[in-house]
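Structure first, then comments.
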Amino acid sequence: MAGTQESNRSITIGRPQAMPGAANATPGFSTLALRAGYDPADHLNASSVPIYATAAYALHDEEHATAIASFESADDIYSRISNPTTGVLEKRLAALHGAAGAVATASGLAALSNAILNAAAGGGRILTSYRLYGGSVAALRDVLPDLGIGIDIVPDPDNLDSWESAITDSTRAIVVESVSNPLTVVADLEALAQITHRHGIILIVDNTLATPYLLNPFDFGADVVVYSTTKAINGHGNAIGGIVLESGRFDYANGNYPQFTRKQWFFKDRALNPRSVIDVVPAAPFTTRLRGLLVTLLGAAPSPFDSYLTLIGLETLKQRVTQEVATAEQIVKHLEADPRVTKVYHLSASGCEYKELAAKYLPRGGGSVLTFEVRGDSAENAANRKRAVLDALKLFSLQANLGDSKSLAVDPVVVTHGELDTKQLHEAGITGGAIRLSIGLEEPDDLIADLDQALDQAFGTASA
């Protein structure tokens with residue numbers, strides 16, 4: 001790329017390495033979150049990652065253009081393909097995961113949908129459940145089938161046999177949320193990875209709620225990990241974004257993914273010989289193909305300014321999540337003791353059915369999102385009281401977001417999972433009296449007081 005020594009069109013990111021001046025051979029999480037993928041010397045000694053607000057990049061000469069077009073050079077050429085600011089974000093998140101490749105996208109849904117398009121190209125099928133964000137369900141149900149991708153739903157996702165028995169010759173991926181939205185169900189990633197690999201297909205994990213600090217799905221066999229970076233990775237509710245990462249360990253030449261072995265003009269060499277994506281970048285074919293053919297040609301690239309904001313948020317991810325988890329656990333205990341609350345969904349809740357999986361996959365805590373059900377004499381009464389509680393909240397903001405440094409509340413039935421019909425909501429376990437909270441950085445006592453006064457107003461009683 002003209003103007004810097006370090007290119008960001010590089011598709012193979014590489015695993016974490018010791019950085020200049022680092023005391024440890026493998027830097028820790030916060031060190032990588034602050035420094036990975038960036039050397040000030042390559043950017044005019046700028047201490048903070050610059051915002052490269054440019055559409056295109058000056059080519060030195062025709063030879064330079066030819067080298068980029070034939071994948072001999074990884075220099076930037078156009079920001080719809082790659083951008084130096086975004087490239088640092090990709091390298092940094094890849095380092096935090098030990099990933100072989102990473103591609104940032106304009107949103108979390110762009111990350112998920114492009115990953116599915118990449119895996120199921122040519123009419124494959126995706127196996128999943130309704131334990132997904134509502135927008136993800138809508139994309140799977142209403143958009144991807146029109147593009148020739150089949151969707152199969154497992155009605156009993158806690159039963160591992162039901163996943164395996166639902167795999168067909170056309171299945172190309174299992175898609176799960178590591179911690180589900182909004183009921184914080186933990187997926188048994190290691191067992192699911194063993195199932196997918198027995199059948200020569202990939203496991204795609206949406207790790208948005210867990211965050212890379214609480215869980216790295218690659219440690220348990222995931223092949224592709226996606227995030228809405230809008231959420232906790234950014235942490236400040238000021239930028240939309242997503243990212244797709246790959247482990248680099250899956251064999252895409254196993255016969256189930258002909259799109260990765262097919263010779264294509266796009267991946268031609270300088271002698272104009274078509275090549276497959278595996279010929280070009282064997283270490284990271286999934287993200288290479290995703291960047292070159294999907295993000296680039298369908299236009300899902302993020303803006304450099306949004307990537308910059310996400311990088312700033314990523315720097316404090318560990319510190320924010322640690323405090324938010326601690327506060328969430330306090331609120332869970334308080335709500336469990338309130339007779340106006342019938343159930344609390346969080347991995348620290350006393351009645352949580354997934355404590356064993358949580359201990360295995362999330363030893364640092366169950367995240368900052370929790371959901372509770374408001375008591376009612378009937379489903380209608382519970383729904384009305386839920387609405388009253390939400391309307392009475394003063395400190396919690398009513399927003400269709402999560403992972404923010406400010407605490408948020410929302411009605412999942414109406415807002416975040418409004419795409420699900422009644423039957424699908426039932427299969428997902430979401431009731432009409434449910435309220436989802438995303439815990440931020442406010443003082444725990446202030447958040448508890450706000451919940452108490454809202455419940456008081458909704459039930460017309462003094463504090464219970």
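Convention: chains lettered A, B, ... in structure tokens order; per-chain residue numbering from 1; ligands numbered from 1 as shown.
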Sorted by chain and rising residue number, which residues of stretch 14-117 of chain A lie within 8 Å of stretch 255-273 of chain A, and what are their closest atom pairs and distances in Å to one decimal, counting only C-alpha atoms, as a Markdown table?
```
| residue | atom | partner | partner_atom | distance |
| --- | --- | --- | --- | --- |
| A:Thr66 | CA | A:Arg270 | CA | 6.8 |
| A:Ala67 | CA | A:Arg270 | CA | 7.4 |
| A:Ala69 | CA | A:Arg270 | CA | 7.8 |
| A:Ser70 | CA | A:Asp269 | CA | 4.7 |
| A:Phe71 | CA | A:Asp269 | CA | 7.3 |
```
How about saving the chosen residues, C-alpha atoms kept, as an mmCIF file, in the first residue's frame?
```cif
data_model
loop_
_atom_site.group_PDB
_atom_site.id
_atom_site.type_symbol
_atom_site.label_atom_id
_atom_site.label_comp_id
_atom_site.auth_asym_id
_atom_site.auth_seq_id
_atom_site.Cartn_x
_atom_site.Cartn_y
_atom_site.Cartn_z
ATOM 1 C CA THR A 66 -0.011 -6.470 -11.596
ATOM 2 C CA ALA A 67 1.561 -7.796 -8.400
ATOM 3 C CA ALA A 69 -3.945 -8.288 -8.933
ATOM 4 C CA SER A 70 -2.081 -11.590 -9.029
ATOM 5 C CA PHE A 71 -1.851 -11.878 -5.217
#
```
Please identify every residue of stretch 35-104 of chain A that has at least one atom no farther than 10 Å from an atom of stretch 312-326 of chain A, counting only C-alpha atoms, and for each give the shortest atom pair and the distance in Å to one decimal, arranged by chain then increasing number, as a tab-separated table.
```
residue	atom	partner	partner_atom	distance
A:Arg35	CA	A:Glu315	CA	8.5
A:Ser48	CA	A:Ile312	CA	9.0
A:Val49	CA	A:Ile312	CA	9.0
A:Leu89	CA	A:Leu314	CA	8.9
A:Arg92	CA	A:Leu314	CA	9.1
A:Leu93	CA	A:Leu314	CA	8.8
```
Could you write out the selected residues, including all heavy atoms, as a compact mmCIF listing (two decimals), in the first residue's frame?
```txt
# COMPACT_ATOMS: atom_id res chain seq x y z
N ARG A 35 -2.14 -3.58 21.41
CA ARG A 35 -0.98 -3.38 20.54
C ARG A 35 -0.88 -4.30 19.32
O ARG A 35 -0.15 -3.98 18.39
CB ARG A 35 0.29 -3.55 21.38
CG ARG A 35 0.45 -2.49 22.47
CD ARG A 35 1.74 -2.68 23.24
NE ARG A 35 1.94 -1.63 24.22
CZ ARG A 35 2.52 -0.45 23.96
NH1 ARG A 35 2.96 -0.18 22.75
NH2 ARG A 35 2.67 0.44 24.92
N SER A 48 -1.69 6.51 17.96
CA SER A 48 -3.00 5.91 17.80
C SER A 48 -3.19 5.50 16.34
O SER A 48 -2.66 6.15 15.43
CB SER A 48 -4.09 6.91 18.20
OG SER A 48 -5.37 6.32 18.14
N VAL A 49 -3.92 4.43 16.12
CA VAL A 49 -4.15 3.96 14.75
C VAL A 49 -4.84 5.06 13.95
O VAL A 49 -5.91 5.53 14.34
CB VAL A 49 -5.01 2.69 14.74
CG1 VAL A 49 -5.27 2.23 13.30
CG2 VAL A 49 -4.34 1.59 15.55
N LEU A 89 -7.64 -3.68 12.88
CA LEU A 89 -8.70 -4.34 13.64
C LEU A 89 -8.72 -5.84 13.34
O LEU A 89 -8.85 -6.66 14.25
CB LEU A 89 -10.05 -3.71 13.29
CG LEU A 89 -11.28 -4.34 13.94
CD1 LEU A 89 -11.23 -4.23 15.46
CD2 LEU A 89 -12.56 -3.71 13.39
N ARG A 92 -5.69 -7.50 14.93
CA ARG A 92 -5.77 -7.50 16.39
C ARG A 92 -6.72 -8.58 16.89
O ARG A 92 -6.41 -9.32 17.83
CB ARG A 92 -6.20 -6.11 16.88
CG ARG A 92 -6.02 -5.88 18.36
CD ARG A 92 -5.97 -4.41 18.69
NE ARG A 92 -4.74 -3.78 18.20
CZ ARG A 92 -4.44 -2.49 18.33
NH1 ARG A 92 -5.28 -1.68 18.95
NH2 ARG A 92 -3.31 -2.01 17.85
N LEU A 93 -7.89 -8.67 16.27
CA LEU A 93 -8.84 -9.70 16.70
C LEU A 93 -8.35 -11.09 16.33
O LEU A 93 -8.59 -12.06 17.05
CB LEU A 93 -10.21 -9.42 16.10
CG LEU A 93 -10.99 -8.33 16.84
CD1 LEU A 93 -12.20 -7.87 16.05
CD2 LEU A 93 -11.42 -8.80 18.24
```
ask   = Given the choices A:Asp223, A:Tyr133, A:Pro339, A:Ile149, which gets closest to A:Ala400 if the distance is worked out from only C-alpha atoms?
value = A:Tyr133
task = Quick one: pick out all helix (DSSP H, G or I) residues within stretch 157-360 of chain A from a backbone DSSP run and write them as a PyMOL selection string.
result = chain A and resi 160-166+189-198+211-214+217-220+258-261+265-267+277-280+285-298+304-314+317-336+355-360
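Atom pair atom CA of A:Ser136 / atom CA of A:Gly124 has a distance of 17.6 Å (rounded to one decimal).
The spacing separating atom CA of A:Asp146 from atom CA of A:Gly108 amounts to 20.5 Å.
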